[in-house]
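Data file: my_file32.pdb. Format and content: PDB, C-alpha atoms.
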ATOM      1  CA  GLU A   1       0.000   0.000   0.000
ATOM      2  CA  ALA A   2       1.667   3.163  -1.120
ATOM      3  CA  GLY A   3       2.759   5.512   1.618
ATOM      4  CA  GLN A   4       2.764   2.854   4.310
ATOM      5  CA  PRO A   5       5.934   1.470   5.907
ATOM      6  CA  GLY A   6       4.879  -2.111   5.395
ATOM      7  CA  GLY A   7       7.596  -2.509   2.804
ATOM      8  CA  THR A   8       5.511  -4.053   0.032
ATOM      9  CA  THR A   9       2.822  -2.899  -2.333
ATOM     10  CA  LEU A  10      -0.335  -4.574  -1.146
ATOM     11  CA  PRO A  11      -3.148  -5.939  -3.301
ATOM     12  CA  SER A  12      -6.556  -4.360  -2.943
ATOM     13  CA  ALA A  13      -8.202  -7.467  -1.523
ATOM     14  CA  ARG A  14      -7.014  -9.630   1.338
ATOM     15  CA  ARG A  15      -6.455 -13.257   0.456
ATOM     16  CA  THR A  16      -6.792 -16.006   3.013
ATOM     17  CA  LEU A  17      -5.468 -19.497   2.558
ATOM     18  CA  PRO A  18      -7.913 -22.415   2.684
ATOM     19  CA  HIS A  19      -8.868 -23.778   6.092
ATOM     20  CA  SER A  20      -6.456 -26.289   7.562
ATOM     21  CA  GLU A  21      -7.149 -29.034  10.044
ATOM     22  CA  THR A  22      -5.810 -29.083  13.589
ATOM     23  CA  LYS A  23      -5.612 -32.186  15.787
ATOM     24  CA  ILE A  24      -7.039 -31.682  19.267
ATOM     25  CA  THR A  25      -6.639 -34.400  21.909
ATOM     26  CA  GLN A  26      -9.389 -34.791  24.488
ATOM     27  CA  GLY A  27      -8.953 -36.839  27.659
ATOM     28  CA  SER A  28      -5.919 -38.904  28.621
ATOM     29  CA  GLY A  29      -4.745 -42.489  28.545
ATOM     30  CA  ARG A  30      -7.092 -45.025  26.983
ATOM     31  CA  SER A  31      -9.990 -42.616  27.152
ATOM     32  CA  SER A  32      -8.217 -40.005  25.046
ATOM     33  CA  ARG A  33      -9.434 -39.372  21.531
ATOM     34  CA  CYS A  34      -8.355 -37.104  18.711
ATOM     35  CA  ILE A  35     -10.768 -34.902  16.863
ATOM     36  CA  ARG A  36     -10.046 -32.811  13.797
ATOM     37  CA  ALA A  37     -11.143 -29.200  13.797
ATOM     38  CA  LYS A  38     -10.775 -26.655  11.057
ATOM     39  CA  THR A  39      -8.518 -23.743  11.940
ATOM     40  CA  PRO A  40     -10.153 -20.402  11.127
ATOM     41  CA  GLY A  41      -8.390 -17.689   9.141
ATOM     42  CA  THR A  42      -7.448 -15.726  12.274
ATOM     43  CA  TRP A  43      -7.420 -17.166  15.777
ATOM     44  CA  HIS A  44      -5.871 -17.029  19.246
ATOM     45  CA  ASP A  45      -3.755 -19.783  20.718
ATOM     46  CA  SER A  46      -6.192 -20.123  23.612
ATOM     47  CA  ASP A  47      -8.775 -21.556  21.192
ATOM     48  CA  PRO A  48      -7.430 -22.379  17.712
ATOM     49  CA  THR A  49     -10.912 -23.384  16.517
ATOM     50  CA  ALA A  50     -12.583 -20.025  17.183
ATOM     51  CA  GLN A  51     -12.454 -17.194  14.672
ATOM     52  CA  VAL A  52     -11.376 -13.892  16.239
ATOM     53  CA  ASP A  53     -12.247 -10.425  15.041
ATOM     54  CA  TRP A  54      -9.600  -9.105  12.657
ATOM     55  CA  SER A  55      -9.434  -5.686  14.315
ATOM     56  CA  VAL A  56      -8.731  -7.298  17.694
ATOM     57  CA  ALA A  57      -5.770  -9.231  16.297
ATOM     58  CA  VAL A  58      -4.361  -6.181  14.493
ATOM     59  CA  ALA A  59      -4.672  -4.038  17.621
ATOM     60  CA  ALA A  60      -2.721  -6.632  19.608
ATOM     61  CA  TRP A  61       0.009  -6.787  16.950
ATOM     62  CA  VAL A  62       0.287  -2.989  16.817
ATOM     63  CA  GLU A  63       0.678  -2.804  20.596
ATOM     64  CA  ALA A  64       3.391  -5.473  20.576
ATOM     65  CA  THR A  65       5.385  -4.083  17.643
ATOM     66  CA  GLU A  66       6.955  -1.020  19.245
ATOM     67  CA  PRO A  67       8.526  -2.929  22.185
ATOM     68  CA  ILE A  68       9.879  -5.535  19.754
ATOM     69  CA  LEU A  69      11.501  -2.867  17.586
ATOM     70  CA  GLU A  70      12.889  -1.071  20.629
ATOM     71  CA  ARG A  71      14.641  -4.306  21.596
ATOM     72  CA  VAL A  72      16.058  -4.572  18.079
ATOM     73  CA  ALA A  73      17.313  -0.980  18.292
ATOM     74  CA  ALA A  74      19.092  -1.797  21.556
ATOM     75  CA  THR A  75      21.714  -3.655  19.490
ATOM     76  CA  TYR A  76      23.957  -1.469  17.358
ATOM     77  CA  ASN A  77      23.283  -2.107  13.655
ATOM     78  CA  GLY A  78      20.434  -4.433  14.586
ATOM     79  CA  THR A  79      17.620  -5.059  12.104
ATOM     80  CA  ILE A  80      14.711  -7.474  11.862
ATOM     81  CA  ARG A  81      13.259  -9.156   8.790
ATOM     82  CA  TYR A  82       9.547  -8.963   8.095
ATOM     83  CA  GLU A  83       9.161 -12.702   8.606
ATOM     84  CA  GLN A  84      10.917 -12.515  11.964
ATOM     85  CA  LEU A  85       8.668  -9.671  13.077
ATOM     86  CA  ARG A  86       5.575 -11.608  12.025
ATOM     87  CA  ASP A  87       6.650 -14.695  13.962
ATOM     88  CA  GLN A  88       7.449 -12.688  17.085
ATOM     89  CA  LEU A  89       4.087 -10.934  16.911
ATOM     90  CA  PHE A  90       2.304 -14.264  16.658
ATOM     91  CA  ASP A  91       4.264 -15.785  19.536
ATOM     92  CA  GLU A  92       4.034 -12.796  21.887
ATOM     93  CA  THR A  93       0.352 -12.011  21.363
ATOM     94  CA  GLY A  94      -1.018 -15.475  20.669
ATOM     95  CA  TYR A  95      -2.976 -14.069  17.731
ATOM     96  CA  ARG A  96      -2.252 -15.764  14.420
ATOM     97  CA  THR A  97      -3.546 -15.602  10.878
ATOM     98  CA  ARG A  98      -3.119 -17.523   7.666
ATOM     99  CA  SER A  99      -3.635 -14.364   5.632
ATOM    100  CA  LEU A 100      -0.500 -13.535   3.662
ATOM    101  CA  MET A 101       1.754 -11.146   5.553
ATOM    102  CA  THR A 102       1.996  -8.744   2.609
ATOM    103  CA  ASN A 103      -1.763  -8.238   2.891
ATOM    104  CA  TRP A 104      -1.735  -6.935   6.462
ATOM    105  CA  ILE A 105       1.717  -5.872   7.681
ATOM    106  CA  SER A 106       1.147  -2.226   6.694
ATOM    107  CA  GLN A 107      -1.900  -2.202   8.991
ATOM    108  CA  VAL A 108       0.538  -2.881  11.823
ATOM    109  CA  LEU A 109       3.560  -0.783  10.860
ATOM    110  CA  GLY A 110       1.497   2.203   9.710
ATOM    111  CA  PRO A 111       0.069   2.969  13.169
ATOM    112  CA  VAL A 112       3.482   2.365  14.748
ATOM    113  CA  GLN A 113       5.086   4.908  12.422
ATOM    114  CA  ASN A 114       2.304   7.411  13.118
ATOM    115  CA  ALA A 115       2.708   6.920  16.868
ATOM    116  CA  THR A 116       6.481   7.407  16.843
ATOM    117  CA  ARG A 117       6.058  10.565  14.808
ATOM    118  CA  ALA A 118       3.359  11.956  17.113
ATOM    119  CA  GLU A 119       5.428  11.143  20.206
ATOM    120  CA  ALA A 120       8.682  12.495  18.696
ATOM    121  CA  LYS A 121      10.304   9.060  18.837
ATOM    122  CA  PRO A 122      12.755   7.706  16.242
ATOM    123  CA  PRO A 123      11.174   5.986  13.206
ATOM    124  CA  LEU A 124      11.462   2.415  14.468
ATOM    125  CA  THR A 125       9.994   0.964  11.281
ATOM    126  CA  SER A 126      13.347   1.669   9.591
ATOM    127  CA  LEU A 127      14.645  -1.421  11.403
ATOM    128  CA  VAL A 128      12.336  -3.743   9.448
ATOM    129  CA  VAL A 129      13.993  -4.936   6.240
ATOM    130  CA  LEU A 130      13.234  -7.259   3.363
ATOM    131  CA  THR A 131      14.882 -10.672   3.333
ATOM    132  CA  GLY A 132      15.758 -10.515  -0.348
ATOM    133  CA  THR A 133      17.337  -7.051  -0.473
ATOM    134  CA  GLY A 134      18.311  -6.181   3.090
ATOM    135  CA  GLY A 135      16.671  -2.782   2.637
ATOM    136  CA  VAL A 136      13.367  -1.216   3.571
ATOM    137  CA  GLY A 137      10.475  -1.817   1.227
ATOM    138  CA  PRO A 138       9.055   0.551  -1.408
ATOM    139  CA  GLY A 139       6.292   1.605   0.980
ATOM    140  CA  TYR A 140       8.689   2.977   3.610
ATOM    141  CA  ILE A 141       7.875   6.400   5.053
ATOM    142  CA  ASN A 142       9.536   8.418   7.798
ATOM    143  CA  HIS A 143       9.036  11.636   9.729
ATOM    144  CA  GLU A 144      10.449  13.828   6.949
ATOM    145  CA  HIS A 145       8.586  11.976   4.187
ATOM    146  CA  PRO A 146       5.196  10.990   5.668
ATOM    147  CA  ALA A 147       3.829  10.503   2.163
ATOM    148  CA  GLY A 148       6.779   8.366   1.063
ATOM    149  CA  ASP A 149       7.686  10.916  -1.609
ATOM    150  CA  PHE A 150      11.296   9.843  -2.092
ATOM    151  CA  THR A 151      12.760  10.658  -5.485
ATOM    152  CA  SER A 152      14.407   7.237  -5.813
ATOM    153  CA  ASP A 153      14.911   3.964  -4.001
ATOM    154  CA  ASP A 154      18.483   5.010  -3.267
ATOM    155  CA  GLU A 155      17.207   8.094  -1.435
ATOM    156  CA  ARG A 156      14.729   5.914   0.478
ATOM    157  CA  GLN A 157      17.437   3.476   1.573
ATOM    158  CA  ARG A 158      19.800   6.268   2.632
ATOM    159  CA  ALA A 159      17.044   7.941   4.637
ATOM    160  CA  ALA A 160      16.285   4.633   6.358
ATOM    161  CA  ALA A 161      19.980   4.226   7.225
ATOM    162  CA  VAL A 162      19.963   7.662   8.866
ATOM    163  CA  ASP A 163      16.768   6.737  10.719
ATOM    164  CA  ARG A 164      18.279   3.485  11.982
ATOM    165  CA  LEU A 165      21.259   5.335  13.423
ATOM    166  CA  THR A 166      18.841   7.672  15.205
ATOM    167  CA  CYS A 167      17.150   4.605  16.696
ATOM    168  CA  TYR A 168      20.475   3.154  17.877
ATOM    169  CA  ARG A 169      21.510   6.430  19.494
ATOM    170  CA  THR A 170      18.214   6.452  21.389
ATOM    171  CA  TYR A 171      17.935   2.825  22.496
ATOM    172  CA  CYS A 172      21.457   1.345  22.335
ATOM    173  CA  GLU A 173      23.994   1.985  25.086
ATOM    174  CA  HIS A 174      27.039   1.238  22.951
ATOM    175  CA  VAL A 175      27.104   3.370  19.808
ATOM    176  CA  PRO A 176      30.482   4.680  18.591
ATOM    177  CA  GLU A 177      30.757   8.455  18.768
ATOM    178  CA  ASP A 178      31.842   8.564  15.135
ATOM    179  CA  ALA A 179      29.112   6.168  13.975
ATOM    180  CA  ALA A 180      27.742   6.913  10.521
ATOM    181  CA  PRO A 181      24.555   5.732   8.792
ATOM    182  CA  GLN A 182      25.076   2.298   7.264
ATOM    183  CA  MET A 183      23.277   0.077   4.825
ATOM    184  CA  THR A 184      22.721  -3.485   6.003
ATOM    185  CA  PRO A 185      25.360  -6.087   5.037
ATOM    186  CA  VAL A 186      22.831  -7.889   2.825
ATOM    187  CA  TYR A 187      21.984  -4.671   0.986
ATOM    188  CA  VAL A 188      25.660  -3.827   0.453
ATOM    189  CA  ALA A 189      26.390  -7.335  -0.848
ATOM    190  CA  LYS A 190      23.464  -7.159  -3.278
ATOM    191  CA  GLN A 191      24.549  -3.776  -4.603
ATOM    192  CA  THR A 192      28.172  -4.910  -4.968
ATOM    193  CA  ARG A 193      27.136  -7.888  -7.090
ATOM    194  CA  ARG A 194      25.067  -5.625  -9.321
ATOM    195  CA  GLN A 195      27.960  -3.295 -10.035
ATOM    196  CA  LYS A 196      29.920  -4.585 -13.015
ATOM    197  CA  PRO A 197      33.644  -3.812 -13.024
ATOM    198  CA  ASP A 198      34.808  -1.253 -15.535
ATOM    199  CA  PRO A 199      36.189  -2.897 -18.671
ATOM    200  CA  ARG A 200      39.971  -2.915 -18.951
ATOM    201  CA  PRO A 201      41.111   0.057 -21.049
ATOM    202  CA  ARG A 202      42.139  -0.954 -24.554
ATOM    203  CA  ARG A 203      45.642  -0.067 -25.719
ATOM    204  CA  THR A 204      45.915   2.298 -28.641
ATOM    205  CA  CYS A 205      48.707   3.226 -31.000
ATOM    206  CA  PRO A 206      50.464   6.405 -29.817
ATOM    207  CA  MET A 207      50.895   7.497 -33.443
ATOM    208  CA  CYS A 208      47.458   7.018 -35.025
ATOM    209  CA  ASN A 209      45.333   6.258 -31.954
ATOM    210  CA  THR A 210      44.097   2.990 -33.485
ATOM    211  CA  VAL A 211      43.159   0.210 -31.052
ATOM    212  CA  LEU A 212      46.044  -2.250 -30.999
ATOM    213  CA  PRO A 213      45.538  -5.976 -31.669
ATOM    214  CA  ALA A 214      46.558  -8.656 -29.183
ATOM    215  CA  SER A 215      50.117  -8.572 -30.534
ATOM    216  CA  GLY A 216      50.492  -4.983 -29.352
ATOM    217  CA  ARG A 217      51.812  -3.871 -32.759
ATOM    218  CA  CYS A 218      49.946  -1.371 -34.919
ATOM    219  CA  ASP A 219      48.985  -2.770 -38.315
ATOM    220  CA  TYR A 220      49.409   0.662 -39.881
ATOM    221  CA  CYS A 221      52.434   2.200 -38.199
ATOM    222  CA  ASP A 222      54.698  -0.793 -37.468
TER     223      ASP A 222
END

Render the structure in this file as structure tokens.
Amino acid sequence: EAGQPGGTTLPSARRTLPHSETKITQGSGRSSRCIRAKTPGTWHDSDPTAQVDWSVAVAAWVEATEPILERVAATYNGTIRYEQLRDQLFDETGYRTRSLMTNWISQVLGPVQNATRAEAKPPLTSLVVLTGTGGVGPGYINHEHPAGDFTSDDERQRAAAVDRLTCYRTYCEHVPEDAAPQMTPVYVAKQTRRQKPDPRPRRTCPMCNTVLPASGRCDYCD
């Protein structure tokens, strides 16, 4: 969803995977029996067979996100992948969904970004990066660009690096005094592989400026 820090462009409709079956054991010993119950699209660990209201689950995830990101920021150069954030949200709140993460993560990170901006806190969403690129997603916004109006992805990534350093200086006790904004190691590695080395300069004849053959002798002057 454009303008949201969820990191991905979201489709207009939410897709939910087909119901799955969960084994539930009742009783113990010889009297125990297994029944199969269909897991709803969104549920709580306390009762995996009961559908929970979507807004309740999202509210719980939003509330849990900021403390998680503050813990990430407590480690210098720390980041968290979207999948890791999703799993921690599920485990810490007990609310889970089979809806694809790209369909709902902006509903969680958007309110967190708005809250940090309103409370004059660092943009913690800069710590959430894509697994494939090591950078923030195309939907990233920050305090200076609340509409996500970056002129290029390079500008977006550099702004996120500055924002991450702001987070470390706020939440981490051990930040070098001369620390500078840094891209993540994964992002740097990806960019390095994309950059092709400059071709080796071709030798030319000093007399006629013709490109020399492999022999190094000019066909016209030698």

Practice item. Using the chain letters and numbering of this document, enumerate as a ChimeraX atom specification the residues selected by the PyMOL selection byres ((chain A and resi 218) around 10). Key: /A:204-217,219-222

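Atom pair CA of Met183 (chain A) / CA of Phe150 (chain A): separated by 16.9 Å.
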
Check your understanding: Could you work out how far CA of Arg86 (chain A) lies from CA of Val72 (chain A), giving the answer in Å with one decimal?
Key -> 14.0 Å

Point to revise | the PyMOL selection byres ((chain A and resi 74-78) around 8) applied to the shown file, residues as a list in words | key: Glu70, Arg71, Val72, Ala73, Thr79, Ile80, Leu127, Arg164, Leu165, Tyr168, Tyr171, Cys172, Glu173, His174, Val175, Gln182 and Thr184 of chain A

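Picked out by the PyMOL selection byres ((chain A and resi 156) around 10) when it runs on this file: Gly135, Val136, Gly137, Pro138, Gly139, Tyr140, Ile141, Asn142, His145, Gly148, Asp149, Phe150, Thr151, Ser152, Asp153, Asp154, Glu155, Gln157, Arg158, Ala159, Ala160 and Ala161 of chain A.
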
Check your understanding: For Gly132 (chain A), which residue among A:Met101, A:Cys167, A:Ala189, A:Ala57 is the nearest when counting only C-alpha atoms?
Key -> A:Ala189

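Between CA of Gly41 (chain A) and CA of Thr125 (chain A) lies a distance of 26.3 Å.
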
Padded axis-aligned box of region 155-164 of chain A (8 Å per side), centre and edge lengths, Å, one decimal, as JSON:
{"center_x": 17.4, "center_y": 5.8, "center_z": 5.3, "size_x": 21.3, "size_y": 20.6, "size_z": 29.4}

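Of the residues under consideration (A:Leu85, A:Val162, A:Val58, A:Val112), A:Val162 shows the shortest atom-to-atom contact distance to Ala180 (chain A) when counting all atoms listed in the file.
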
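Nearest to Val186 (chain A) of all the residues A:Ser126, A:Glu63, A:Arg81, A:Pro146 is A:Arg81, counting all atoms listed in the file.
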
Check your understanding: So which one's closest to Ala50 (chain A), A:Gly134, A:Ser106, A:Thr192, A:Arg96? Using all atoms listed in the file, please.
Key -> A:Arg96

Test item: residues at most 12 Å from Val62 (chain A), all atoms listed in the file, excluding those fewer than 4 positions along its chain, as a compact mmCIF listing (two decimals) with C-alpha atoms, in the coordinates of the input:
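Result file result17.txt:
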# COMPACT_ATOMS: atom_id res chain seq x y z
CA SER A 55 -9.43 -5.69 14.32
CA VAL A 56 -8.73 -7.30 17.69
CA ALA A 57 -5.77 -9.23 16.30
CA VAL A 58 -4.36 -6.18 14.49
CA GLU A 66 6.96 -1.02 19.24
CA PRO A 67 8.53 -2.93 22.18
CA ILE A 68 9.88 -5.54 19.75
CA LEU A 69 11.50 -2.87 17.59
CA LEU A 85 8.67 -9.67 13.08
CA ARG A 86 5.58 -11.61 12.02
CA LEU A 89 4.09 -10.93 16.91
CA PHE A 90 2.30 -14.26 16.66
CA GLU A 92 4.03 -12.80 21.89
CA THR A 93 0.35 -12.01 21.36
CA TYR A 95 -2.98 -14.07 17.73
CA TRP A 104 -1.74 -6.94 6.46
CA ILE A 105 1.72 -5.87 7.68
CA SER A 106 1.15 -2.23 6.69
CA GLN A 107 -1.90 -2.20 8.99
CA VAL A 108 0.54 -2.88 11.82
CA LEU A 109 3.56 -0.78 10.86
CA GLY A 110 1.50 2.20 9.71
CA PRO A 111 0.07 2.97 13.17
CA VAL A 112 3.48 2.37 14.75
CA GLN A 113 5.09 4.91 12.42
CA ASN A 114 2.30 7.41 13.12
CA ALA A 115 2.71 6.92 16.87
CA THR A 125 9.99 0.96 11.28

Review point. Quick one: of A:Asp87, A:Ala64, A:Thr97, A:Arg202, who's nearest to Val52 (chain A), counting only C-alpha atoms?
Key: A:Thr97

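Ranking A:Gln191, A:Thr131, A:Arg98, A:Arg169 by their shortest atom-to-atom distance to Gln84 (chain A), with only C-alpha atoms included, puts A:Thr131 first.
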